[in-house]
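The next block holds one structure in the form of structure tokens; read it before the comments.
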Amino acid sequence: MSDWLIYRGAGAPHDGIEHLPPPPPWRDFDGGPLVAPPAALDPSSERRLGVQHREASHHRPGETERELVNAALYLRRPLLVTGAPGSGKSTLAHSVAYELGLGRVLGWPVVSRSTLRDGLYDYDAIGRLQDLQIARADPAAGDGAAADADPTDEPGGGIGRYIRLGPLGTALLPAARPRVLLVDELDKSDIDLPNDLLNVLEEGEFRIPELERLAGSAPEVEVLSDDGARVTVRDGRVRCHAFPFIVLTSNGERDFPAPLLRRCIHLHIPAPDKERLAAMVRAHFGEGAAERYEAVIDRFLDREPGDVRAVDQLFNAIHLTQKAGWTDEDEEETRRRLTAELMRPLDRTR
């Protein structure tokens with residue numbers, strides 16, 4: 001295996017990220033002050049990687065997959081991952097975070113109503129106004145001068161209590177190591193979102209106007225991150241230090257503008273073959289499962305050209321077979337019938 005690979009796809013944590021070379025001059029960021037490292041992987045990553053991370057130990061990503069992941073790490077560029085549903089696009093982000101020890105994966109599931117602001121931060125202006133009104137109406141507020149004071153501006157609190165960074169905003173916090181951000185199903189977004197992302201992905205920073213207006217009197221404000229931690233924002237601007245490892249996934253339902261494609265490394269993951277499916281089955285169902293359920297795997301792969309199936313359908317069929325305990329001939333017919341229903345191509349309604 002080439003020595004240049006930071007992410008090796010070997011399925012075991014290592015300190016390779018410490019040996020990542022400096023970024024290109026045009027992708028070198030200097031944000032600060034540095035925030036604390038994130039928490040370890042959460043249960044959502046463990047579910048995707050398989051029980052006790054067995055998927056990582058069984059499956060070896062292909063050479064192209066490994067190389068393009070490392071290209072994104074070296075160049076500090078987002079990775080645009082395309083492929084059919086269930087091909088392992090989103091799992092890739094969790095695999096990189098696990099192997100390189102980059103902590104909890106930040107997730108931004110995109111829907112048709114998603115905006116850039118949703119990913120960056122949320123400001124609860126109504127909540128702030130309500131708290132102010134309650135404080136002014138409280139007789140315990142004292143004299144008129146005290147009643148007119150804004151309770152959200154007290155030292156150590158203030159407007160920062162009403163601002164929470166989104167997953168993209170948290171990923172861009174100045175950290176010593178890159179955060180991993182999964183922007184899932186970008187092709188589901190409104191037509192404007194891919195273009196709206198361009199400046200943020202290029203500059204590695206964004207501004208919070210509500211805090212910029214207070215920069216003269218409150219240059220440093222604590223806000224809540226997507227991790228639930230209090231972090232400091234200086235002068236109303238968030239600028240990264242280590243550019244995050246961003247995975248943008250797409251099921252290929254739309255084309256993206258050329259400016260976005262120029263800013264990304266593109267990786268296409270083909271539909272999993274039998275060997276890769278067997279590795280996934282072992283990850284979730286244990287050693288020997290791929291051999292025990294080989295017939296189900298073959299049934300999953302036996303499809304007409306153009307049929308679309310997701311790996312989740314295979315897992316559902318195997319789990320039901322495993323737990324139902326079908327043994328005799330009558331039950332075998334039930335197994336075959338239900339397996340066929342559970343693995344019905346997604347592009348067929350009947």
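Scheme for the structure tokens: letters A, B, ... for chains in order shown; per-chain residue numbers from 1; ligand numbers from 1 in order shown.
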All residues 12 Å or closer to Gly103 of chain A, only C-alpha atoms, same chain fewer than 4 positions away omitted, as a PDB file with C-alpha atoms, in the first residue's frame:
```pdb
ATOM      1  CA  PRO A  13      -7.921   3.450  14.173  1.00  0.00           C
ATOM      2  CA  ALA A  36     -11.832  21.721  22.226  1.00  0.00           C
ATOM      3  CA  PRO A  37     -11.722  18.370  20.375  1.00  0.00           C
ATOM      4  CA  PRO A  38     -15.122  16.758  19.704  1.00  0.00           C
ATOM      5  CA  ALA A  39     -16.562  13.757  21.483  1.00  0.00           C
ATOM      6  CA  ALA A  40     -15.915  10.247  20.212  1.00  0.00           C
ATOM      7  CA  LEU A  41     -18.102   8.527  17.636  1.00  0.00           C
ATOM      8  CA  ASP A  42     -21.743   8.320  18.624  1.00  0.00           C
ATOM      9  CA  PRO A  43     -24.150   5.365  18.231  1.00  0.00           C
ATOM     10  CA  SER A  45     -21.698   5.812  13.479  1.00  0.00           C
ATOM     11  CA  ALA A  93     -17.798   9.632   6.228  1.00  0.00           C
ATOM     12  CA  HIS A  94     -18.211   7.511   9.366  1.00  0.00           C
ATOM     13  CA  SER A  95     -15.435   5.167   8.247  1.00  0.00           C
ATOM     14  CA  VAL A  96     -12.982   8.070   7.824  1.00  0.00           C
ATOM     15  CA  ALA A  97     -13.932   9.559  11.197  1.00  0.00           C
ATOM     16  CA  TYR A  98     -13.490   6.179  12.915  1.00  0.00           C
ATOM     17  CA  GLU A  99     -10.175   5.267  11.323  1.00  0.00           C
ATOM     18  CA  ALA A 171     -17.587  21.962  11.170  1.00  0.00           C
ATOM     19  CA  ALA A 175     -10.130  23.101  15.379  1.00  0.00           C
ATOM     20  CA  ARG A 177      -7.972  18.521  13.507  1.00  0.00           C
ATOM     21  CA  PRO A 178     -10.540  18.528  10.704  1.00  0.00           C
ATOM     22  CA  ARG A 179     -14.113  17.706  11.660  1.00  0.00           C
ATOM     23  CA  VAL A 180     -16.063  15.250   9.534  1.00  0.00           C
ATOM     24  CA  LEU A 181     -19.304  16.616   8.070  1.00  0.00           C
ATOM     25  CA  ASP A 227     -22.237  19.211  19.593  1.00  0.00           C
ATOM     26  CA  PRO A 244     -13.233  19.966   7.585  1.00  0.00           C
ATOM     27  CA  PHE A 245     -13.521  16.685   5.720  1.00  0.00           C
TER      28      PHE A 245
END
```
Inset, instruction - Mind checking which residues fall within 6 Å of Thr82 of chain A, counting only C-alpha atoms, ignoring those fewer than 3 positions away in the same chain, and posting them as a list in words? - result: Thr249, Ser250, Asn251 and His268 of chain A
Legend entry - Residue neighbourhood Leu168 of chain A, 12 Å, only C-alpha atoms, exclusion window fewer than 6 positions, as JSON, numbers by chain: {"A": [105, 106, 107, 108, 109, 110, 115, 116, 117, 118, 119, 120, 121, 122, 179, 180, 181, 182, 183, 184, 197, 200, 201, 204, 205, 206, 225, 226, 227, 238, 239, 240, 243, 244, 245, 246, 247, 248]}
Inset, instruction - Kindly give the distance, in Å, that separates atom CA of Asp15 of chain A and atom CA of Leu102 of chain A, rounded to a single decimal. - result: 10.1 Å
Legend entry - Backbone DSSP call of strand (DSSP E) for segment 4-104 of chain A, listed as a VMD selection string: chain A and resid 79 to 82
Inset, instruction - For segment 23-28 of chain A, work out the shell of residues within 10 Å, counting only C-alpha atoms and skipping chain neighbours fewer than 6 positions away, then give it as a PyMOL selection string. - result: chain A and resi 73-77+202-204+240-243
Legend entry - Test item, alpha helix (DSSP H) assignment across segment 28-126 of chain A, answer as an MDAnalysis selection string: chainID A and resid 43:49 54:58 63:75 89:100 116:120 125:126
Legend entry - Given only C-alpha atoms as the counted atoms, nearest of A:Asn195, A:Leu20, A:Arg66, A:Ala279 to Leu261 of chain A: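 With only C-alpha atoms as the atom set, the closest residue is A:Asn195.
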